[in-house]
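Chemist: Got a file for you: start-v6.tsv, TSV, C-alpha atoms.
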chain	number	residue	atom	x	y	z
Z	1	MET	CA	-2.95	-12.16	79.70
Z	2	TYR	CA	-2.89	-14.04	76.40
Z	3	THR	CA	0.31	-16.03	75.85
Z	4	PHE	CA	1.76	-16.79	72.45
Z	5	ASN	CA	4.78	-18.66	73.79
Z	6	PRO	CA	5.51	-21.68	71.57
Z	7	GLY	CA	6.13	-23.89	74.61
Z	8	PRO	CA	5.20	-24.36	77.29
Z	9	SER	CA	2.25	-22.67	75.69
Z	10	ALA	CA	-1.37	-21.79	76.34
Z	11	VAL	CA	-3.50	-24.50	77.93
Z	12	TYR	CA	-7.19	-24.95	77.30
Z	13	PRO	CA	-9.32	-23.04	79.83
Z	14	ALA	CA	-11.18	-26.29	80.56
Z	15	VAL	CA	-7.95	-27.70	82.05
Z	16	ARG	CA	-8.80	-25.83	85.25
Z	17	GLN	CA	-11.96	-27.90	85.67
Z	18	TYR	CA	-10.18	-31.08	84.57
Z	19	LEU	CA	-7.61	-30.55	87.35
Z	20	THR	CA	-10.35	-30.20	89.94
Z	21	ASP	CA	-12.03	-33.32	88.59
Z	22	ALA	CA	-8.74	-35.23	88.72
Z	23	PHE	CA	-8.33	-34.35	92.39
Z	24	ASP	CA	-11.94	-35.15	93.26
Z	25	GLU	CA	-11.87	-38.45	91.37
Z	26	GLY	CA	-8.66	-39.63	93.06
Z	27	TRP	CA	-6.40	-39.69	90.01
Z	28	LEU	CA	-3.51	-37.91	91.76
Z	29	SER	CA	-2.91	-40.89	94.06
Z	30	ALA	CA	-4.13	-43.73	91.85
Z	31	GLY	CA	-1.77	-46.71	91.62
Z	32	HIS	CA	-0.29	-46.92	88.15
Z	33	ARG	CA	-0.76	-50.75	88.08
Z	34	SER	CA	-4.39	-50.46	89.14
Z	35	GLU	CA	-7.28	-51.36	86.85
Z	36	LYS	CA	-8.37	-47.74	87.12
Z	37	VAL	CA	-5.19	-46.38	85.53
Z	38	ILE	CA	-4.96	-49.24	83.04
Z	39	GLY	CA	-8.45	-48.29	81.86
Z	40	LEU	CA	-7.41	-44.65	81.64
Z	41	VAL	CA	-4.35	-45.45	79.51
Z	42	ARG	CA	-6.47	-47.64	77.23
Z	43	GLN	CA	-8.99	-44.83	76.82
Z	44	ALA	CA	-6.27	-42.23	76.18
Z	45	VAL	CA	-4.74	-44.40	73.44
Z	46	THR	CA	-8.17	-44.95	71.88
Z	47	ASP	CA	-8.97	-41.23	71.99
Z	48	LEU	CA	-5.62	-40.31	70.50
Z	49	LYS	CA	-5.96	-42.73	67.60
Z	50	THR	CA	-9.54	-41.65	66.94
Z	51	LYS	CA	-9.12	-37.88	67.15
Z	52	LEU	CA	-5.70	-37.70	65.40
Z	53	ASN	CA	-6.37	-40.32	62.68
Z	54	VAL	CA	-3.55	-42.60	63.84
Z	55	PRO	CA	-3.67	-45.99	62.05
Z	56	GLN	CA	-5.02	-48.76	64.23
Z	57	ASP	CA	-1.98	-50.98	63.67
Z	58	TYR	CA	0.39	-48.27	64.95
Z	59	THR	CA	1.49	-48.45	68.59
Z	60	VAL	CA	1.20	-45.51	71.01
Z	61	LEU	CA	3.70	-45.19	73.87
Z	62	PHE	CA	4.03	-42.59	76.61
Z	63	THR	CA	7.36	-41.07	77.61
Z	64	GLY	CA	8.49	-38.23	79.86
Z	65	SER	CA	9.08	-35.79	76.99
Z	66	ALA	CA	9.84	-35.54	73.28
Z	67	THR	CA	13.55	-35.09	73.96
Z	68	GLU	CA	13.58	-38.40	75.85
Z	69	CYS	CA	12.50	-39.98	72.57
Z	70	TRP	CA	15.84	-38.97	71.02
Z	71	GLU	CA	17.61	-41.21	73.51
Z	72	ILE	CA	15.15	-44.08	73.17
Z	73	LEU	CA	15.42	-44.08	69.36
Z	74	ALA	CA	19.22	-44.00	69.38
Z	75	GLN	CA	19.41	-46.86	71.85
Z	76	SER	CA	16.58	-49.07	70.62
Z	77	LEU	CA	16.27	-48.47	66.85
Z	78	THR	CA	19.81	-47.51	65.82
Z	79	PRO	CA	22.28	-50.39	66.07
Z	80	ARG	CA	24.53	-48.76	63.43
Z	81	ARG	CA	23.81	-45.14	62.51
Z	82	SER	CA	21.16	-42.52	61.85
Z	83	PHE	CA	21.03	-39.70	59.31
Z	84	HIS	CA	19.63	-36.32	60.36
Z	85	LEU	CA	18.24	-33.53	58.19
Z	86	TYR	CA	17.81	-30.27	60.09
Z	87	ASN	CA	17.50	-26.49	59.76
Z	88	GLY	CA	17.16	-25.37	63.37
Z	89	ASP	CA	18.37	-25.84	66.92
Z	90	PHE	CA	16.09	-28.73	67.90
Z	91	GLY	CA	16.87	-30.83	64.84
Z	92	GLU	CA	20.57	-30.13	65.30
Z	93	LYS	CA	20.43	-31.04	69.00
Z	94	TRP	CA	18.75	-34.33	68.10
Z	95	TYR	CA	21.59	-35.04	65.65
Z	96	LYS	CA	24.31	-34.19	68.16
Z	97	TYR	CA	22.69	-36.30	70.84
Z	98	ALA	CA	22.31	-39.28	68.48
Z	99	LYS	CA	25.93	-38.91	67.36
Z	100	ALA	CA	27.11	-38.96	70.97
Z	101	LEU	CA	25.43	-42.36	71.37
Z	102	ARG	CA	26.07	-43.66	67.85
Z	103	PRO	CA	29.27	-41.97	66.58
Z	104	ALA	CA	28.77	-43.16	62.98
Z	105	SER	CA	25.62	-41.05	62.64
Z	106	THR	CA	25.70	-38.21	60.11
Z	107	GLY	CA	23.67	-35.09	59.37
Z	108	GLN	CA	23.04	-32.31	56.87
Z	109	SER	CA	21.70	-28.83	57.48
Z	110	PHE	CA	19.61	-26.75	55.08
Z	111	GLY	CA	18.31	-23.18	54.88
Z	112	LEU	CA	15.05	-21.72	56.19
Z	113	ASP	CA	13.63	-21.14	52.71
Z	114	GLU	CA	15.12	-24.29	51.22
Z	115	LEU	CA	13.73	-27.74	50.46
Z	116	PRO	CA	16.59	-30.25	50.23
Z	117	ASP	CA	17.01	-32.38	47.12
Z	118	ILE	CA	15.96	-35.79	48.37
Z	119	ALA	CA	17.78	-37.72	45.65
Z	120	SER	CA	21.15	-36.23	46.65
Z	121	LEU	CA	20.88	-36.69	50.42
Z	122	PRO	CA	24.13	-38.33	51.62
Z	123	PHE	CA	22.92	-41.50	53.29
Z	124	ALA	CA	22.96	-45.11	52.15
Z	125	ALA	CA	19.76	-46.99	52.80
Z	126	ASP	CA	21.60	-50.29	53.21
Z	127	ASP	CA	23.67	-49.19	56.22
Z	128	THR	CA	21.45	-46.50	57.80
Z	129	ASP	CA	18.91	-47.59	60.40
Z	130	LEU	CA	17.02	-44.34	60.90
Z	131	VAL	CA	16.49	-41.16	58.86
Z	132	CYS	CA	15.48	-38.33	61.19
Z	133	ILE	CA	13.63	-35.10	60.39
Z	134	THR	CA	11.83	-32.40	62.31
Z	135	GLN	CA	8.41	-31.88	60.76
Z	136	ASN	CA	7.93	-28.48	62.40
Z	137	GLU	CA	11.11	-26.78	63.63
Z	138	THR	CA	9.98	-24.65	66.57
Z	139	SER	CA	13.19	-22.61	66.73
Z	140	THR	CA	13.04	-21.37	63.12
Z	141	ALA	CA	9.27	-21.49	62.42
Z	142	THR	CA	9.76	-23.82	59.45
Z	143	GLN	CA	7.88	-26.89	58.29
Z	144	LEU	CA	8.40	-29.94	56.10
Z	145	ARG	CA	5.11	-30.61	54.37
Z	146	GLU	CA	3.32	-33.81	53.45
Z	147	GLY	CA	4.71	-34.06	49.91
Z	148	PHE	CA	8.32	-33.78	51.04
Z	149	ILE	CA	7.84	-36.42	53.74
Z	150	LEU	CA	6.18	-38.77	51.22
Z	151	ASN	CA	9.04	-38.39	48.71
Z	152	LEU	CA	11.62	-38.94	51.44
Z	153	TYR	CA	9.78	-42.02	52.70
Z	154	ASN	CA	9.80	-43.48	49.19
Z	155	ARG	CA	13.60	-43.14	49.03
Z	156	LEU	CA	14.34	-44.90	52.33
Z	157	GLY	CA	14.89	-48.48	51.20
Z	158	GLY	CA	15.49	-50.48	54.36
Z	159	ALA	CA	15.86	-47.47	56.66
Z	160	LEU	CA	13.06	-46.21	58.90
Z	161	LEU	CA	11.81	-42.62	58.99
Z	162	ALA	CA	11.55	-40.89	62.38
Z	163	VAL	CA	9.75	-37.55	62.72
Z	164	ASP	CA	9.96	-35.05	65.56
Z	165	ALA	CA	6.49	-33.47	65.44
Z	166	THR	CA	6.67	-31.72	68.80
Z	167	SER	CA	5.06	-28.45	67.69
Z	168	SER	CA	2.62	-29.95	65.17
Z	169	LEU	CA	1.36	-33.19	66.73
Z	170	ALA	CA	-2.35	-32.69	67.54
Z	171	GLY	CA	-2.38	-29.48	65.50
Z	172	LEU	CA	-1.88	-30.74	61.95
Z	173	ASN	CA	-3.49	-33.66	60.17
Z	174	LEU	CA	-0.27	-35.65	59.83
Z	175	LYS	CA	-0.09	-38.64	57.48
Z	176	TYR	CA	1.26	-41.20	59.92
Z	177	ILE	CA	1.52	-44.03	57.40
Z	178	LYS	CA	4.33	-42.10	55.63
Z	179	ALA	CA	6.77	-42.49	58.53
Z	180	ASP	CA	7.69	-45.13	61.08
Z	181	VAL	CA	8.13	-43.05	64.23
Z	182	TRP	CA	6.31	-39.87	65.26
Z	183	PHE	CA	6.77	-38.16	68.60
Z	184	GLY	CA	6.00	-34.94	70.45
Z	185	SER	CA	5.17	-33.42	73.82
Z	186	VAL	CA	1.81	-32.29	75.17
Z	187	GLN	CA	2.76	-28.70	76.10
Z	188	LYS	CA	2.24	-27.36	72.57
Z	189	CYS	CA	-0.63	-28.35	70.26
Z	190	PHE	CA	-2.28	-30.58	72.86
Z	191	GLY	CA	-2.83	-27.49	75.05
Z	192	LEU	CA	-1.67	-29.20	78.25
Z	193	PRO	CA	0.95	-28.68	80.96
Z	194	ALA	CA	4.41	-30.10	80.21
Z	195	GLY	CA	5.49	-33.48	81.50
Z	196	LEU	CA	4.31	-36.08	79.00
Z	197	GLY	CA	5.65	-37.29	75.66
Z	198	VAL	CA	3.79	-39.30	73.02
Z	199	MET	CA	5.56	-41.72	70.67
Z	200	ILE	CA	3.79	-43.43	67.77
Z	201	LEU	CA	5.41	-46.47	66.12
Z	202	SER	CA	4.61	-48.23	62.85
Z	203	PRO	CA	4.60	-52.03	62.60
Z	204	ARG	CA	8.01	-51.78	60.88
Z	205	ALA	CA	9.42	-49.84	63.82
Z	206	VAL	CA	8.00	-52.35	66.30
Z	207	ALA	CA	9.56	-55.21	64.31
Z	208	LEU	CA	12.97	-53.52	64.26
Z	209	ALA	CA	12.80	-52.81	67.99
Z	210	LYS	CA	12.21	-56.52	68.62
Z	211	THR	CA	15.11	-57.43	66.32
Z	212	VAL	CA	17.55	-55.00	67.94
Z	213	ASN	CA	16.23	-56.20	71.33
Z	214	ASP	CA	17.78	-53.43	73.44
Z	215	ARG	CA	17.86	-54.72	77.02
Z	216	ALA	CA	20.63	-52.44	78.32
Z	217	HIS	CA	18.47	-49.43	79.16
Z	218	TYR	CA	15.54	-48.85	81.46
Z	219	ASN	CA	13.28	-47.15	78.90
Z	220	ALA	CA	14.21	-49.50	76.08
Z	221	LEU	CA	11.55	-50.11	73.44
Z	222	PRO	CA	11.16	-53.89	74.02
Z	223	ALA	CA	10.24	-53.28	77.67
Z	224	MET	CA	7.96	-50.35	76.81
Z	225	LEU	CA	6.20	-52.37	74.10
Z	226	SER	CA	5.76	-55.35	76.39
Z	227	GLN	CA	4.15	-53.24	79.12
Z	228	MET	CA	1.87	-51.42	76.69
Z	229	LEU	CA	0.34	-54.75	75.65
Z	230	ASN	CA	-1.46	-54.42	78.99
Z	231	TYR	CA	-1.80	-50.62	78.76
Z	232	GLN	CA	0.90	-50.05	81.32
Z	233	THR	CA	4.27	-48.32	81.35
Z	234	ASN	CA	7.56	-49.69	82.69
Z	235	TYR	CA	7.88	-46.70	85.04
Z	236	THR	CA	5.47	-44.65	87.13
Z	237	PRO	CA	3.87	-42.44	84.48
Z	238	ASN	CA	2.47	-38.95	84.64
Z	239	VAL	CA	-1.05	-40.17	85.38
Z	240	LEU	CA	-2.36	-36.62	85.74
Z	241	ASP	CA	-1.21	-35.59	82.27
Z	242	ILE	CA	-2.58	-38.81	80.76
Z	243	TYR	CA	-5.92	-38.02	82.42
Z	244	LEU	CA	-5.82	-34.45	81.06
Z	245	LEU	CA	-4.87	-35.77	77.62
Z	246	SER	CA	-7.88	-38.06	77.55
Z	247	ARG	CA	-10.21	-35.26	78.67
Z	248	VAL	CA	-8.88	-32.77	76.12
Z	249	LEU	CA	-9.06	-35.25	73.25
Z	250	ALA	CA	-12.61	-36.26	74.17
Z	251	ASP	CA	-13.73	-32.61	74.04
Z	252	ARG	CA	-11.83	-31.58	70.91
Z	253	GLU	CA	-12.93	-31.58	67.31
Z	254	PRO	CA	-11.41	-34.19	64.98
Z	255	ILE	CA	-7.97	-33.30	63.67
Z	256	LYS	CA	-9.17	-32.39	60.17
Z	257	ALA	CA	-11.23	-29.51	61.58
Z	258	VAL	CA	-8.43	-28.42	63.92
Z	259	HIS	CA	-5.93	-28.51	61.05
Z	260	GLN	CA	-8.07	-26.40	58.73
Z	261	HIS	CA	-8.71	-23.82	61.43
Z	262	LEU	CA	-4.97	-23.41	62.08
Z	263	VAL	CA	-4.20	-23.21	58.36
Z	264	ASP	CA	-6.79	-20.48	57.83
Z	265	ARG	CA	-5.55	-18.53	60.85
Z	266	ALA	CA	-1.91	-18.83	59.79
Z	267	GLU	CA	-2.67	-17.54	56.29
Z	268	LYS	CA	-4.40	-14.48	57.73
Z	269	LEU	CA	-1.55	-13.76	60.14
Z	270	TYR	CA	1.13	-14.10	57.48
Z	271	ALA	CA	-0.83	-11.83	55.12
Z	272	PHE	CA	-1.22	-9.23	57.88
Z	273	PHE	CA	2.45	-9.18	58.84
Z	274	GLU	CA	3.57	-9.07	55.23
Z	275	GLN	CA	1.67	-5.83	54.65
Z	276	ALA	CA	0.80	-3.88	57.78
Z	277	THR	CA	3.57	-3.99	60.39
Z	278	PRO	CA	7.25	-3.10	60.83
Z	279	LEU	CA	7.99	-6.80	61.20
Z	280	SER	CA	8.25	-9.30	58.36
Z	281	PRO	CA	7.89	-13.09	58.27
Z	282	LEU	CA	11.11	-14.87	59.14
Z	283	VAL	CA	10.48	-17.47	56.44
Z	284	HIS	CA	9.65	-16.22	52.96
Z	285	ASN	CA	9.06	-19.51	51.12
Z	286	TYR	CA	5.43	-20.54	51.54
Z	287	GLU	CA	6.39	-24.20	51.17
Z	288	THR	CA	8.74	-24.10	54.16
Z	289	ARG	CA	7.04	-21.70	56.59
Z	290	SER	CA	5.31	-23.21	59.59
Z	291	THR	CA	1.56	-23.31	60.13
Z	292	THR	CA	1.76	-23.66	63.91
Z	293	VAL	CA	4.66	-21.33	64.78
Z	294	ILE	CA	4.70	-17.92	63.09
Z	295	GLY	CA	8.21	-16.43	63.00
Z	296	LEU	CA	8.59	-12.63	62.64
Z	297	ARG	CA	11.83	-10.77	62.01
Z	298	GLY	CA	13.01	-7.28	63.01
Z	299	ASP	CA	16.03	-5.49	64.44
Z	300	ALA	CA	16.83	-6.18	68.08
Z	301	ALA	CA	15.76	-2.78	69.43
Z	302	LEU	CA	12.38	-2.97	67.68
Z	303	ILE	CA	11.78	-6.54	68.85
Z	304	ASP	CA	12.47	-5.54	72.45
Z	305	GLU	CA	10.15	-2.53	72.17
Z	306	ILE	CA	7.31	-4.57	70.67
Z	307	LYS	CA	7.57	-7.28	73.31
Z	308	THR	CA	7.51	-4.68	76.11
Z	309	LYS	CA	4.51	-2.83	74.71
Z	310	ALA	CA	2.66	-6.06	73.98
Z	311	LYS	CA	3.13	-7.26	77.55
Z	312	GLU	CA	1.69	-4.00	78.85
Z	313	ALA	CA	-1.31	-4.66	76.59
Z	314	GLY	CA	-1.78	-8.16	78.01
Z	315	LEU	CA	-0.05	-10.06	75.20
Z	316	GLN	CA	2.96	-12.27	75.98
Z	317	LEU	CA	4.87	-12.80	72.74
Z	318	GLY	CA	7.28	-15.67	72.26
Z	319	SER	CA	10.97	-14.79	72.07
Z	320	GLY	CA	13.25	-16.05	69.36
Z	321	TYR	CA	15.45	-19.08	69.98
Z	322	GLY	CA	19.20	-19.61	69.82
Z	323	PRO	CA	20.95	-17.29	67.33
Z	324	LEU	CA	17.56	-15.74	66.47
Z	325	LYS	CA	16.67	-14.91	70.07
Z	326	ASN	CA	17.05	-11.10	69.86
Z	327	THR	CA	15.89	-10.52	66.29
Z	328	THR	CA	12.73	-12.61	66.06
Z	329	ILE	CA	9.35	-13.08	67.71
Z	330	ARG	CA	7.52	-16.40	67.61
Z	331	ILE	CA	3.73	-16.60	67.68
Z	332	ALA	CA	2.22	-19.94	68.67
Z	333	ASN	CA	-0.71	-20.73	66.40
Z	334	PHE	CA	-1.76	-23.67	68.56
Z	335	PRO	CA	-5.32	-24.96	69.01
Z	336	ALA	CA	-5.59	-23.76	72.62
Z	337	VAL	CA	-4.80	-20.16	71.63
Z	338	PRO	CA	-8.27	-18.63	71.12
Z	339	ASP	CA	-9.30	-16.59	68.10
Z	340	ALA	CA	-9.86	-13.66	70.47
Z	341	ALA	CA	-6.14	-13.69	71.28
Z	342	MET	CA	-5.22	-13.54	67.60
Z	343	GLU	CA	-7.64	-10.65	67.06
Z	344	ALA	CA	-6.16	-8.82	70.07
Z	345	LEU	CA	-2.69	-9.32	68.60
Z	346	VAL	CA	-3.70	-7.84	65.26
Z	347	GLN	CA	-5.44	-4.88	66.91
Z	348	PHE	CA	-2.34	-4.24	69.03
Z	349	PHE	CA	-0.22	-3.81	65.91
Z	350	VAL	CA	-2.91	-1.74	64.17
Z	351	LYS	CA	-2.99	0.62	67.14
Z	352	GLU	CA	0.72	0.78	68.03
Z	353	TYR	CA	2.23	0.54	64.55
Z	354	PRO	CA	-0.32	1.97	62.07
Z	355	GLY	CA	0.51	2.13	58.40
I'd like the structure from this file rewritten - as structure tokens, please.

Modeler:
Amino acid sequence: MYTFNPGPSAVYPAVRQYLTDAFDEGWLSAGHRSEKVIGLVRQAVTDLKTKLNVPQDYTVLFTGSATECWEILAQSLTPRRSFHLYNGDFGEKWYKYAKALRPASTGQSFGLDELPDIASLPFAADDTDLVCITQNETSTATQLREGFILNLYNRLGGALLAVDATSSLAGLNLKYIKADVWFGSVQKCFGLPAGLGVMILSPRAVALAKTVNDRAHYNALPAMLSQMLNYQTNYTPNVLDIYLLSRVLADREPIKAVHQHLVDRAEKLYAFFEQATPLSPLVHNYETRSTTVIGLRGDAALIDEIKTKAKEAGLQLGSGYGPLKNTTIRIANFPAVPDAAMEALVQFFVKEYPG
């Protein structure tokens, strides 16, 4: 069965062999302070920077998940307050979680087809530590593109820009120099099993973490940064997922090629669903619709029927999320989803819903 779930999502078929190799090579019981694992972490960081075009002076850290990064950022980079811009459940949850830890934090929501006016955003750069956005909002199939992020970055003043890129990291050719913190999890565009988060910090973010000097929490940035100087973590990491990450990155094309392939595939899917099916794209504005998560809208009864028929045809479609759960379908356009799956999806609609 092909799965189009936007997370946990399809894994690369080669992961099956990687898992066997990991067992045979002793990675499942390797000591995380051993030279063997230190070498693995070093290689994984090198592969990630090379294949994703991450600047060499940016620091890569490993966490348990992307959502753990919300906590780390609030504790270690937000001595006063953060400002959150969101248009879906994950961005809003990040805001609520940050506000629970830093009550002075504020947020502003915006619509699915809307690009906020950056000049009028209600935050003051002189008393805001962190401005937080979700580059690709998985719940609403929306996206903030490169130009918007650049313009926002230019307005920051002394604040840092943090980007949740959970469903675009390793899928899109992100411009890392235009933000200070990027993070995501491996169960989406990396094509791996869940259980590992990746955080990428700019030199400005590292400097602020050292200034704030959070020592009150176990996974505080100063401790994580100190350990990563020796390619170690301050906890027992998910060695298996780090091994799989290194293997996948070594075998993948550079991010520019991956990005273009996903863009081309997304354009074809959007064009198809705009013309030939009873469903319509959830997001109408080209500038705000996601490349990596295709959102489709329909009435609840139709959505349920389509999902049932698709499953019988060997296609597992992603359900909607939150308030959109019963009236939308989400299609993961992630690198590990093969072109054959996308063709099977199109042929399913051609057959079941002609005209």

Chemist: Write out as a PyMOL selection string the residues lying within 12 Å of stretch 49-53 of chain Z, counting only C-alpha atoms and excluding same-chain residues fewer than 5 positions away.

Modeler: chain Z and resi 42-44+58-61+168-177+189-190+198-200+245-259

Chemist: Keeping only C-alpha atoms, write the selected residues as a PDB file, keeping the file's coordinate frame.

Modeler:
ATOM      1  CA  ARG Z  42      -6.470 -47.640  77.230  1.00  0.00           C
ATOM      2  CA  GLN Z  43      -8.990 -44.830  76.820  1.00  0.00           C
ATOM      3  CA  ALA Z  44      -6.270 -42.230  76.180  1.00  0.00           C
ATOM      4  CA  TYR Z  58       0.390 -48.270  64.950  1.00  0.00           C
ATOM      5  CA  THR Z  59       1.490 -48.450  68.590  1.00  0.00           C
ATOM      6  CA  VAL Z  60       1.200 -45.510  71.010  1.00  0.00           C
ATOM      7  CA  LEU Z  61       3.700 -45.190  73.870  1.00  0.00           C
ATOM      8  CA  SER Z 168       2.620 -29.950  65.170  1.00  0.00           C
ATOM      9  CA  LEU Z 169       1.360 -33.190  66.730  1.00  0.00           C
ATOM     10  CA  ALA Z 170      -2.350 -32.690  67.540  1.00  0.00           C
ATOM     11  CA  GLY Z 171      -2.380 -29.480  65.500  1.00  0.00           C
ATOM     12  CA  LEU Z 172      -1.880 -30.740  61.950  1.00  0.00           C
ATOM     13  CA  ASN Z 173      -3.490 -33.660  60.170  1.00  0.00           C
ATOM     14  CA  LEU Z 174      -0.270 -35.650  59.830  1.00  0.00           C
ATOM     15  CA  LYS Z 175      -0.090 -38.640  57.480  1.00  0.00           C
ATOM     16  CA  TYR Z 176       1.260 -41.200  59.920  1.00  0.00           C
ATOM     17  CA  ILE Z 177       1.520 -44.030  57.400  1.00  0.00           C
ATOM     18  CA  CYS Z 189      -0.630 -28.350  70.260  1.00  0.00           C
ATOM     19  CA  PHE Z 190      -2.280 -30.580  72.860  1.00  0.00           C
ATOM     20  CA  VAL Z 198       3.790 -39.300  73.020  1.00  0.00           C
ATOM     21  CA  MET Z 199       5.560 -41.720  70.670  1.00  0.00           C
ATOM     22  CA  ILE Z 200       3.790 -43.430  67.770  1.00  0.00           C
ATOM     23  CA  LEU Z 245      -4.870 -35.770  77.620  1.00  0.00           C
ATOM     24  CA  SER Z 246      -7.880 -38.060  77.550  1.00  0.00           C
ATOM     25  CA  ARG Z 247     -10.210 -35.260  78.670  1.00  0.00           C
ATOM     26  CA  VAL Z 248      -8.880 -32.770  76.120  1.00  0.00           C
ATOM     27  CA  LEU Z 249      -9.060 -35.250  73.250  1.00  0.00           C
ATOM     28  CA  ALA Z 250     -12.610 -36.260  74.170  1.00  0.00           C
ATOM     29  CA  ASP Z 251     -13.730 -32.610  74.040  1.00  0.00           C
ATOM     30  CA  ARG Z 252     -11.830 -31.580  70.910  1.00  0.00           C
ATOM     31  CA  GLU Z 253     -12.930 -31.580  67.310  1.00  0.00           C
ATOM     32  CA  PRO Z 254     -11.410 -34.190  64.980  1.00  0.00           C
ATOM     33  CA  ILE Z 255      -7.970 -33.300  63.670  1.00  0.00           C
ATOM     34  CA  LYS Z 256      -9.170 -32.390  60.170  1.00  0.00           C
ATOM     35  CA  ALA Z 257     -11.230 -29.510  61.580  1.00  0.00           C
ATOM     36  CA  VAL Z 258      -8.430 -28.420  63.920  1.00  0.00           C
ATOM     37  CA  HIS Z 259      -5.930 -28.510  61.050  1.00  0.00           C
TER      38      HIS Z 259
END

Chemist: Could you jot down the atom CA of Z:Thr46 to atom CA of Z:Leu225 separation for me, Å, one decimal place?

Modeler: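 A separation of 16.3 Å between them.
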
Chemist: Excluding Z:Ile306 and its own-chain neighbours fewer than 3 positions away, which residues fall within 9 Å of it when counting all atoms listed in the file? Please give them as a PyMOL selection string.

Modeler: chain Z and resi 301-303+309-311+317+349+352

Chemist: Determine the nearest neighbour of Z:Lys36 from the options Z:Gln232, Z:Ser76, Z:Thr291, Z:Asn333, counting only C-alpha atoms.

Modeler: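 So, comparing all the options, the nearest one is Z:Gln232.
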
Chemist: Could you check which of Z:Asn136, Z:Asn238, Z:Gln347, Z:Asn213 is closest to Z:Ser226, using only C-alpha atoms?

Modeler: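 Comparing Z:Asn136, Z:Asn238, Z:Gln347, Z:Asn213 against Z:Ser226, the winner is Z:Asn213.
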
Chemist: Of the residues Z:Pro323, Z:Gly88, Z:Pro13, Z:Pro103, which is the one nearest to Z:Ser139, using only C-alpha atoms?

Modeler: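 Looking at the shortest contact to Z:Ser139, the residue is Z:Gly88.
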
Chemist: Do a neighbour search on stretch 157-164 of chain Z at 7 Å with all atoms listed in the file, toss out local chain neighbours closer than 4 positions, and write the hits as a list in words.

Modeler: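 Listed by chain and then number, they are Ala125, Asp126, Thr128, Asp129, Leu130, Val131, Cys132, Ile133, Thr134, Gln135, Tyr153, Ala179, Asp180, Val181, Trp182, Phe183 and Gly184 of chain Z.
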
Chemist: Just want the 12 Å neighbourhood of Z:Gly39, counted on only C-alpha atoms, with same-chain residues fewer than 4 positions away dropped. Output as a list of chain:residue names.

Modeler: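 Close residues of Z:Gly39: Z:Ala30, Z:Gly31, Z:His32, Z:Arg33, Z:Ser34, Z:Glu35, Z:Gln43, Z:Ala44, Z:Val45, Z:Thr46, Z:Met228, Z:Asn230, Z:Tyr231, Z:Gln232, Z:Val239, Z:Ile242, Z:Tyr243, Z:Ser246.
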
Chemist: If you keep C-alpha atoms, can you produce a file of those selected residues as an mmCIF file, keeping the file's coordinate frame?

Modeler:
data_model
loop_
_atom_site.group_PDB
_atom_site.id
_atom_site.type_symbol
_atom_site.label_atom_id
_atom_site.label_comp_id
_atom_site.auth_asym_id
_atom_site.auth_seq_id
_atom_site.Cartn_x
_atom_site.Cartn_y
_atom_site.Cartn_z
ATOM 1 C CA ALA Z 30 -4.130 -43.730 91.850
ATOM 2 C CA GLY Z 31 -1.770 -46.710 91.620
ATOM 3 C CA HIS Z 32 -0.290 -46.920 88.150
ATOM 4 C CA ARG Z 33 -0.760 -50.750 88.080
ATOM 5 C CA SER Z 34 -4.390 -50.460 89.140
ATOM 6 C CA GLU Z 35 -7.280 -51.360 86.850
ATOM 7 C CA GLN Z 43 -8.990 -44.830 76.820
ATOM 8 C CA ALA Z 44 -6.270 -42.230 76.180
ATOM 9 C CA VAL Z 45 -4.740 -44.400 73.440
ATOM 10 C CA THR Z 46 -8.170 -44.950 71.880
ATOM 11 C CA MET Z 228 1.870 -51.420 76.690
ATOM 12 C CA ASN Z 230 -1.460 -54.420 78.990
ATOM 13 C CA TYR Z 231 -1.800 -50.620 78.760
ATOM 14 C CA GLN Z 232 0.900 -50.050 81.320
ATOM 15 C CA VAL Z 239 -1.050 -40.170 85.380
ATOM 16 C CA ILE Z 242 -2.580 -38.810 80.760
ATOM 17 C CA TYR Z 243 -5.920 -38.020 82.420
ATOM 18 C CA SER Z 246 -7.880 -38.060 77.550
#

Chemist: In Å, rounded to a single decimal, give me how far atom CA of Z:Gly298 is from atom CA of Z:Asn326.

Modeler: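 For atom CA of Z:Asn326 relative to atom CA of Z:Gly298, the distance reads 8.8 Å.
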
Chemist: Enter the distance from atom CA of Z:Ser9 to atom CA of Z:Lys188, in Å, rounded to one decimal.

Modeler: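 A separation of 5.6 Å between them.
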
Chemist: If we count only C-alpha atoms, what is near stretch 62-65 of chain Z at a cut-off of 6 Å, once residues fewer than 5 positions away on the same chain are taken out, given as a PDB file with C-alpha atoms, keeping the file's coordinate frame?

Modeler:
ATOM      1  CA  SER Z 185       5.170 -33.420  73.820  1.00  0.00           C
ATOM      2  CA  GLY Z 195       5.490 -33.480  81.500  1.00  0.00           C
ATOM      3  CA  LEU Z 196       4.310 -36.080  79.000  1.00  0.00           C
ATOM      4  CA  GLY Z 197       5.650 -37.290  75.660  1.00  0.00           C
ATOM      5  CA  VAL Z 198       3.790 -39.300  73.020  1.00  0.00           C
TER       6      VAL Z 198
END
